Amino acid sequence: MLQINDPIPDTDYGTPASESTQAVTLTIDGVEVTAPAGTSVMRAAIEAGVQVPKLCATDSLEAFGSCRLCLVEIEGRRGTPASCTTPIEAGMKVHTQSPKLARLRRGVMELYISDHPLDCLTCSANGDCELQDMAGAVGLREVRYGYTGANHLAATKDESNPYFTYDASKCIVCNRCVRACEETQGTFALTISGRGFESRVSPGMDEPFMDSECVSCGACVQACPTATLQEKSVISLGMPTKAVQTTCAYCGVGCGFKAEVKGDEVVRMTPWKDGKANEGHSCVKGRFAWGYATHKDRITKPMIRASIDEPWQEVSWEAAISHAASEFKRLQAKYGRNSIGGITSSRCTNEETYLVQKLVRAAFGNNNVDTCARVCHSPTGYGLGQTYGTSAGTQTFKSIAHTDVVVVIGANPASAHPVFASRMKRRLRQGARLIVVDPRRTEMVDGPHVKADFHLQLTPGTNVAIINALAHVVMTEGLADEAFIAERCDDKSFREWREFVSRPENSPEAFEAATGVPAGQVRGAARLYATGSATGTAADLAGKARPNGAIYYGLGVTEHAQGSTMVIGIANLAMATGNVGREGVGVNPLRGQNNVQGSCDMGSFPHELPGYRHISGEAVRKLFDEAWGVTLQSEPGLRIPNMFDAAVHGDFKGLYCQGEDIVQSDPDTQHVAHALQSMECVVVQDIFLNETAKYAHVFLPGSSFLEKDGTFTNAERRISRVRKVMEPLSGVGDWEATVLLSNALGYPMSYAHPEEIMREIAALTPTFAGVSYEKIDRLGSVQWPCNDQTAEAGTDIMHVDHFVRGKGRFLLTQYVPSDEKVTSKFPLILTTGRILSQYNVGAQTRRTPNSMWHDEDVLEIHPHDAEERGIRHRDWVGIESRAGTTVLRAELTERVQPGVVYTTFHFPESGANVITTDSSDWATNCPEYKVTAVQVTPVAQPSSWQRAYADFDAEQQRFLADARHTAPATAGGK
Ligand code: SF4
Ligand code: SF4
Ligand code: SF4
Ligand code: FES
C-alpha cells in the first residue's frame, strides 16, 4: 500500500456495506465476528481485521468474482468459494489461510504476473499497485510459466485523455474500470472487448478515450488496481507523500477530496470516500481541473492605478490597502455614506464572505452588500422562505436513494452537478420514474440506461403555466394528500390556492398554446408525480402509502421574470402531494457555485444579516450592534443591479468586489461596464485579471481554495472544511486582506485564524450555534440548522414534523407571460446554460486542459431554424437582441426545439451577456437569463462589441504585462 502521511486513511473493505439491520454471527479464523446480514465474507473478515487477498473487488463496486484470489474455505462446504461473492451466514466457520489456499492464490498470481511487465521499480504506480501488493501478500517469489509466452507487453498506450493514460500492457482484465463507469458514474463508456486471452478494456467502439462517450470523471482510474489507468500527474510528479482532506471549489455538490501532495505541489485529487456529498466519486472538474491554481496567469502582487486607461503599478500590500481605504473614505466624505458597497464571493469560504459583509455593514456603515446569488438562486431564498420558512433545500443528496418519482425542472445535473447526477441515474436504473421539464432535450431526458417517462419540453418562460397545470390536475383529480395538508399546512391559504389552481384557466389544456406541451403529457406527469403511475387515480391511492416524489430544480427555474413565482409553485405542489419532510421527497434547489448556499447564509444580501434575519428587526440588529460595536443601518442596502443603476446615475462611486466577475456573469454587459466606468474606485480581489478587474483601480491578489482554511456550505446545507494545502501565493489570505482593509478604514478587526471567525458566526447565528471546526473535524461535516435543538451533526432533512415557519403556506402563482416576447424582429428565444467541462465564467477551467472538450461557446440552433436562415453547421452567426449583438458559431442540433436557441457563457469573448437584457424576477431582481428574444443571421465577422472587446482586452493585458516588468523588487509580501 501507498505509505503517505494521511490523518484519515481509507480502508477498502472489498464489497459495499450492507444496509440490513439484522445481525449475523460467524467465526473467521476462529474469531467470532458479527456483521449485518447480506455482508460478504470478505467484508466481514476485513472489518474484523483479517486481510483477504483480492484484486477484482473494491468496496465502491458490487462484487464480481472474477480473479479468484479471495478464495476461502468454509467448514461443511465443498471447494473454495470466493469470499467477495459469498454472503455471511449464521454459524458459518470460515478459514482464510491454509496451505491449499496459499497454493491456489499463488497459482492465480503467477498467471497474472507472467503477462505483466516486470518494471515495478520504475513503474509510476510503484508502491500504489494492488497487483504488486497481492504478489507480496501471497508470497509469490517465482513464476513457473516464464515471461516469454504470449503476452500483451507490446500493447500501445492510449494517451488521448489529457489527465490519464491507458496502458493496456498492464491490464489484468479485472473489470473494475468497466463496473466503475457503469455503477459509480453511470456513463457506460467502457466494455471488455474480445474473449479469453484477447480480452481488453475498450472505450466505446474501440476508440481512444477522447473520442468515446467518456466524460473523464476518473472513476475508472480510481478503481484500477494497477498502473493501467493512471493520472498523468502521478506519472510526471511521482507518488504523493501527504494527504490533506478538503472540499471541491467548483459546484454546489461540495465533493470531499483528499489533496495528495508532494511538498506543496498537488499530485492528484482523490475523491474522499467518507465525503457525505460524494462518497468517493467526483467529476472531471474537481478531480482533474485544479491546474489553474498555479497557472502563470495568477497575479500574486497587489496593483493600483488612477484610471483604467493607465498601466498598473505593482505595490506592497500596505500601499494597496492604504490606497483603497483612503479612496473609500474620500468617496464617502464627498458623496455620502451610501456611495460605496461590496460584493461577496460564492467561491470564497463562509468565513471570508462573513467578513466582507461585516466590513460593508460595520466599516462602510451601510448595507450595500450583495452576492452572485442575486443572479442565480435569490428566488429560491424568497420562494422557499415565504412558503416553508427557510430558504434552502430540504434533503441530503443521498435521500434520492428512496425516491420513486424524480422531477427535474430547469436543470441539467449531468453537466452542472455531475456527481449528484450519477446518484440520480443510479436510482433511475433501479426503477425510479423520471419527469423532466426543460426546453432542451438534455442527457437526463435520454441517456445511457436512463429515459424520462415524460419530457415536458416547454417554451422558455412558461414554467409557471406548467406548474399551475400540474397542480390543477392534482387538485381536480383528487390526487392531493389531504391528511398532510390538514395536519401540516395553513388551511386558509390552502383553500384559496385550491380554488385558484382548480380554475379551468389553469388546466393543461388552457396552457397548451402558451407552453407548447400537449395537455395529455402534463396530465400524465402530474399523475405520475402524485400517484407513482402515469394513469394513477384517487382510487389507486386509497389505503396505500404514497410514492416518494422529489423535485430537483436549477437556474432554469429561478432565472426568469417569474423565478420566485415558480419556486413558490414548486413548493405548493410538493406540499399538496405530501412530498415534504421525509427521506426520498422534498424540494431541492441545485445550487451553482461551491459556496453560494454559504454566501447567502452568511448575510450577503442587503436586507439580511447572517442566518436570514431581516435587517429591519430591532432585536437582531441590537445583537450585532453590541457584538460589533456599531449602530447598523435599519434599511436594506442596494442590490447589485441597483448599484449599477446608481453608478450610472452618479450616486454610487466605489466598490469592493471579492472573487466575482460581474462583467462576465451579470446580464447586459455593456450596462455593467458603463456602471464600473462611472465609479471612482473599484477594488477587485481575485486570482486572475478577470473581466471586472479590467475596470478596477486596485487589484488585490486572491487565493485559490488550495491556499485557504475555512468552510464551504453545499446545496444540502452541509458545512465542510476547506484545508490549506499551500500558503497563499500572494502571502496574504483573502480573509486577511479584508481584515487589513477594515483596519485601514478605522474599523478594527482582529482574528488569528478563520476558526475564530466561525466562532463569531456561531455565537451570532442560531442556526449555526452548534457549528465548530472541532465538530466538523470529528464528524466530517455538519448540516445547518445545527444547534442544541438538533442532532449533533445538525439537520439532514428539513421540515420533518412541522415547517420551519410553523404551518406550510400556499401562495397563489398567477402565470404572467414574460415581457421578453418574440416579435418579427426578434423571432427566436435564446436560453443559456452550462457544460460539464467548463465552470461558470470559465476563469478556472479555461486555464486547464478541460478546454479540450469545449474551447468555445457555440449557438445551438434547430436545423429547421437554421435552414430558414441559410445557416450551416459551424457557420458564424450574429445573435441580436434589444440589448446588443454578438457572434458565435452555429451548431445544428435537435437538442433544442424549433424557435429556441441556446448557448453557454464560459468564454468572455463570446459576449453571451451582451445580449441578455435587464428583465428580471419581480421579487428579487434575479435576471431573466433564460428568456431573451433574438434574431439569428449568418455573418462574416465578429460583432462591433467583440471587436471593441478584443481591443480593450489587448490594452488591459499590456497594462498588466508592463506592471509585471516594471515592478519594484520590494513589491508584494505583507
Ligand atoms: S473516466 Fe469516467 S466516464 Fe470515462 S471511462 Fe472512466 S469511469 Fe467512464
Ligand atoms: S484497466 Fe485496470 S481496472 Fe480496468 S480491467 Fe484493466 S486492470 Fe482492471
Ligand atoms: S460534482 Fe461539483 S463539487 Fe463534485 S467534483 Fe464535480 S465540480 Fe466538484
Ligand atoms: S476479489 Fe473475489 S474474486 Fe476477485
# chains A, B, ... in the order shown; residues from 1 in each chain; ligands from 1
call {"tool": "residues_around", "arguments": {"residues": "A:Pro9", "least_positions_apart": "2", "cutoff": "12 Å", "atoms": "only C-alpha atoms", "output": "ChimeraX atom specification"}}
result
/A:1-7,11-12,242-245,258,260,272-274
call {"tool": "write_last_selection", "arguments": {"atoms": "N, CA, C and O atoms", "output": "tab-separated table (two decimals), in the first residue's frame"}}
result
chain	number	residue	atom	x	y	z
A	1	MET	N	0.84	-1.21	0.00
A	1	MET	CA	0.00	0.00	0.00
A	1	MET	C	0.87	1.25	0.00
A	1	MET	O	1.94	1.29	0.56
A	2	LEU	N	0.31	2.30	-0.61
A	2	LEU	CA	0.99	3.57	-0.63
A	2	LEU	C	1.12	4.11	0.79
A	2	LEU	O	0.14	4.23	1.50
A	3	GLN	N	2.35	4.40	1.19
A	3	GLN	CA	2.56	4.92	2.54
A	3	GLN	C	2.67	6.43	2.47
A	3	GLN	O	3.70	6.98	2.13
A	4	ILE	N	1.57	7.11	2.73
A	4	ILE	CA	1.66	8.56	2.76
A	4	ILE	C	1.11	9.05	4.08
A	4	ILE	O	0.37	8.35	4.76
A	5	ASN	N	1.50	10.25	4.42
A	5	ASN	CA	1.05	10.84	5.67
A	5	ASN	C	-0.40	11.29	5.48
A	5	ASN	O	-0.67	12.31	4.86
A	6	ASP	N	-1.33	10.47	5.97
A	6	ASP	CA	-2.76	10.74	5.78
A	6	ASP	C	-3.45	10.62	7.14
A	6	ASP	O	-3.57	9.52	7.68
A	7	PRO	N	-3.90	11.73	7.69
A	7	PRO	CA	-4.51	11.67	9.02
A	7	PRO	C	-5.80	10.85	9.07
A	7	PRO	O	-6.20	10.40	10.14
A	11	THR	N	-9.85	2.59	4.30
A	11	THR	CA	-9.71	1.14	4.22
A	11	THR	C	-10.63	0.65	3.11
A	11	THR	O	-11.77	1.12	3.01
A	12	ASP	N	-10.15	-0.27	2.28
A	12	ASP	CA	-11.01	-0.87	1.25
A	12	ASP	C	-11.54	-2.19	1.81
A	12	ASP	O	-10.78	-3.13	2.01
A	242	LYS	N	1.79	13.13	1.08
A	242	LYS	CA	0.92	13.61	2.15
A	242	LYS	C	-0.49	13.83	1.60
A	242	LYS	O	-0.64	14.18	0.42
A	243	ALA	N	-1.50	13.61	2.45
A	243	ALA	CA	-2.88	13.85	2.02
A	243	ALA	C	-3.53	14.87	2.95
A	243	ALA	O	-3.37	14.80	4.16
A	244	VAL	N	-4.27	15.81	2.35
A	244	VAL	CA	-4.98	16.82	3.14
A	244	VAL	C	-6.44	16.77	2.71
A	244	VAL	O	-6.75	16.96	1.53
A	245	GLN	N	-7.34	16.53	3.65
A	245	GLN	CA	-8.76	16.44	3.30
A	245	GLN	C	-9.32	17.85	3.12
A	245	GLN	O	-9.15	18.72	3.98
A	258	LYS	N	-9.36	14.32	-1.06
A	258	LYS	CA	-8.06	14.37	-0.43
A	258	LYS	C	-7.11	14.96	-1.45
A	258	LYS	O	-6.95	14.41	-2.55
A	260	GLU	N	-3.70	15.15	-2.56
A	260	GLU	CA	-2.49	14.38	-2.30
A	260	GLU	C	-1.31	15.17	-2.85
A	260	GLU	O	-1.29	15.50	-4.05
A	272	TRP	N	-12.96	11.82	-1.67
A	272	TRP	CA	-12.92	11.28	-0.30
A	272	TRP	C	-14.05	10.28	-0.12
A	272	TRP	O	-15.22	10.61	-0.30
A	273	LYS	N	-13.66	9.06	0.27
A	273	LYS	CA	-14.67	8.01	0.47
A	273	LYS	C	-15.71	8.38	1.51
A	273	LYS	O	-16.88	8.03	1.40
A	274	ASP	N	-15.26	9.09	2.56
A	274	ASP	CA	-16.20	9.43	3.63
A	274	ASP	C	-16.87	10.78	3.43
A	274	ASP	O	-17.56	11.27	4.32
call {"tool": "residues_near_ligand", "arguments": {"ligand": "ligand 2", "cutoff": "10 Å", "atoms": "only C-alpha atoms and all ligand atoms", "output": "NGL selection string"}}
result
:A and (55-56 or 130-131 or 165-180 or 190-192 or 199-202 or 219-230)
call {"tool": "residues_near_ligand", "arguments": {"ligand": "ligand 3", "cutoff": "7 Å", "atoms": "only C-alpha atoms and all ligand atoms", "output": "PyMOL selection string"}}
result
chain A and resi 248-255+278+282-287+417-420+594
call {"tool": "residues_around", "arguments": {"residues": "A:Thr765", "least_positions_apart": "5", "cutoff": "12 Å", "atoms": "only C-alpha atoms", "output": "list in words"}}
result
Tyr354, Asp601, Met602, Gly603, Glu608, Leu609, Pro610, Gly611, Tyr612, Arg613, Val620, Leu623, Phe624, Ala627, Met758, Arg759, Glu760, Gly770, Val771, Trp784, Pro785, Cys786 and Asn787 of chain A
call {"tool": "closest_residue", "arguments": {"among": "A:Glu198, A:Glu559, A:Glu505, A:Glu213", "to": "ligand 1", "atoms": "only C-alpha atoms and all ligand atoms"}}
result
A:Glu213
call {"tool": "residues_near_ligand", "arguments": {"ligand": "ligand 4", "cutoff": "12 Å", "atoms": "only C-alpha atoms and all ligand atoms", "output": "ChimeraX atom specification"}}
result
/A:12-15,40-43,51-59,61-72,80-87,105,108-109,130-131,134,172-176,225
call {"tool": "closest_residue", "arguments": {"among": "A:His802, A:His95, A:His281, A:Lys451", "to": "ligand 1", "atoms": "only C-alpha atoms and all ligand atoms"}}
result
A:His281
call {"tool": "closest_atom_pairs", "arguments": {"of": "stretch 808-925 of chain A", "to": "stretch 340-351 of chain A", "cutoff": "12 Å", "atoms": "only C-alpha atoms", "output": "tab-separated table"}}
result
residue	atom	partner	partner_atom	distance
A:Tyr839	CA	A:Arg347	CA	11.7
A:Asn840	CA	A:Arg347	CA	11.0
A:Gln844	CA	A:Arg347	CA	11.4
call {"tool": "write_last_selection", "arguments": {"atoms": "all heavy atoms", "output": "PDB file, in the first residue's frame"}}
result
ATOM      1  N   TYR A 839     -16.713  25.745 -16.201  1.00  0.00           N
ATOM      2  CA  TYR A 839     -17.394  26.133 -14.974  1.00  0.00           C
ATOM      3  C   TYR A 839     -17.644  27.627 -14.976  1.00  0.00           C
ATOM      4  O   TYR A 839     -16.704  28.419 -15.066  1.00  0.00           O
ATOM      5  CB  TYR A 839     -16.528  25.751 -13.772  1.00  0.00           C
ATOM      6  CG  TYR A 839     -17.048  26.283 -12.470  1.00  0.00           C
ATOM      7  CD1 TYR A 839     -18.179  25.727 -11.892  1.00  0.00           C
ATOM      8  CD2 TYR A 839     -16.433  27.349 -11.841  1.00  0.00           C
ATOM      9  CE1 TYR A 839     -18.672  26.225 -10.713  1.00  0.00           C
ATOM     10  CE2 TYR A 839     -16.926  27.842 -10.658  1.00  0.00           C
ATOM     11  CZ  TYR A 839     -18.041  27.283 -10.102  1.00  0.00           C
ATOM     12  OH  TYR A 839     -18.526  27.776  -8.928  1.00  0.00           O
ATOM     13  N   ASN A 840     -18.915  27.991 -14.906  1.00  0.00           N
ATOM     14  CA  ASN A 840     -19.323  29.375 -14.766  1.00  0.00           C
ATOM     15  C   ASN A 840     -18.611  30.276 -15.785  1.00  0.00           C
ATOM     16  O   ASN A 840     -18.687  30.007 -16.968  1.00  0.00           O
ATOM     17  CB  ASN A 840     -19.063  29.815 -13.313  1.00  0.00           C
ATOM     18  CG  ASN A 840     -19.954  30.977 -12.928  1.00  0.00           C
ATOM     19  OD1 ASN A 840     -19.737  32.074 -13.376  1.00  0.00           O
ATOM     20  ND2 ASN A 840     -20.976  30.736 -12.145  1.00  0.00           N
ATOM     21  N   GLN A 844     -11.406  29.559 -14.247  1.00  0.00           N
ATOM     22  CA  GLN A 844     -10.559  28.466 -13.776  1.00  0.00           C
ATOM     23  C   GLN A 844     -10.405  27.383 -14.850  1.00  0.00           C
ATOM     24  O   GLN A 844      -9.307  27.015 -15.232  1.00  0.00           O
ATOM     25  CB  GLN A 844     -11.177  27.868 -12.506  1.00  0.00           C
ATOM     26  CG  GLN A 844     -11.177  28.823 -11.339  1.00  0.00           C
ATOM     27  CD  GLN A 844     -12.428  28.667 -10.492  1.00  0.00           C
ATOM     28  OE1 GLN A 844     -13.516  29.067 -10.874  1.00  0.00           O
ATOM     29  NE2 GLN A 844     -12.267  28.080  -9.337  1.00  0.00           N
TER      30      GLN A 844
END
call {"tool": "closest_residue", "arguments": {"among": "A:Glu183, A:Glu867, A:Asp29, A:Glu880", "to": "ligand 1", "atoms": "only C-alpha atoms and all ligand atoms"}}
result
A:Glu183
call {"tool": "closest_residue", "arguments": {"among": "A:Asn367, A:Gln185, A:Gln664, A:Thr294", "to": "ligand 1", "atoms": "only C-alpha atoms and all ligand atoms"}}
result
A:Gln185
call {"tool": "closest_residue", "arguments": {"among": "A:Ser678, A:Thr246, A:Thr396, A:Thr577", "to": "A:Ala696", "atoms": "only C-alpha atoms"}}
result
A:Ser678
call {"tool": "atom_distance", "arguments": {"atom1": "atom CA of A:Glu182", "atom2": "atom CA of A:Ala125"}}
result
24.5 Å
call {"tool": "residues_around", "arguments": {"residues": "A:Met303", "least_positions_apart": "6", "cutoff": "8 Å", "atoms": "only C-alpha atoms", "output": "ChimeraX atom specification"}}
result
/A:312-315,320,698-700
call {"tool": "write_last_selection", "arguments": {"atoms": "C-alpha atoms", "output": "PDB file, in the first residue's frame"}}
result
ATOM      1  CA  TRP A 312      -0.993  49.025 -13.458  1.00  0.00           C
ATOM      2  CA  GLN A 313       1.658  49.627 -10.860  1.00  0.00           C
ATOM      3  CA  GLU A 314       2.696  46.783  -8.576  1.00  0.00           C
ATOM      4  CA  VAL A 315       2.831  47.942  -4.959  1.00  0.00           C
ATOM      5  CA  ALA A 320      -2.611  48.905  -1.923  1.00  0.00           C
ATOM      6  CA  VAL A 698      -6.999  48.497  -7.113  1.00  0.00           C
ATOM      7  CA  PHE A 699      -6.233  44.821  -7.594  1.00  0.00           C
ATOM      8  CA  LEU A 700      -5.758  42.650  -4.512  1.00  0.00           C
TER       9      LEU A 700
END
call {"tool": "closest_residue", "arguments": {"among": "A:Thr122, A:Gln97, A:Ser634, A:Thr515", "to": "A:Ile28", "atoms": "only C-alpha atoms"}}
result
A:Gln97
call {"tool": "residues_around", "arguments": {"residues": "A:Gln332", "least_positions_apart": "4", "cutoff": "12 Å", "atoms": "only C-alpha atoms", "output": "list of chain:residue names"}}
result
A:Ala325, A:Ser326, A:Glu327, A:Phe328, A:Gly336, A:Arg337, A:Asn338, A:Ser339, A:Ile340, A:Gly341, A:Ala363, A:Phe364, A:Gly365, A:Asn366, A:Asp651, A:Phe652, A:Lys653, A:Gly654, A:Leu655, A:Glu680, A:Cys681, A:Leu745
call {"tool": "residues_around", "arguments": {"residues": "A:Gly263", "least_positions_apart": "5", "cutoff": "10 Å", "atoms": "only C-alpha atoms", "output": "list in words"}}
result
Pro240, Thr241, Lys242, Val725 and Met726 of chain A
call {"tool": "atom_distance", "arguments": {"atom1": "atom CA of A:His607", "atom2": "atom CA of A:Asn368"}}
result
9.0 Å
call {"tool": "select_by_dssp", "arguments": {"residues": "stretch 287-536 of chain A", "states": "alpha helix (DSSP H)", "output": "PyMOL selection string"}}
result
chain A and resi 287-288+317-335+350-358+378-387+413-416+418-429+463-476+482-488+491-502+508-515+519-531
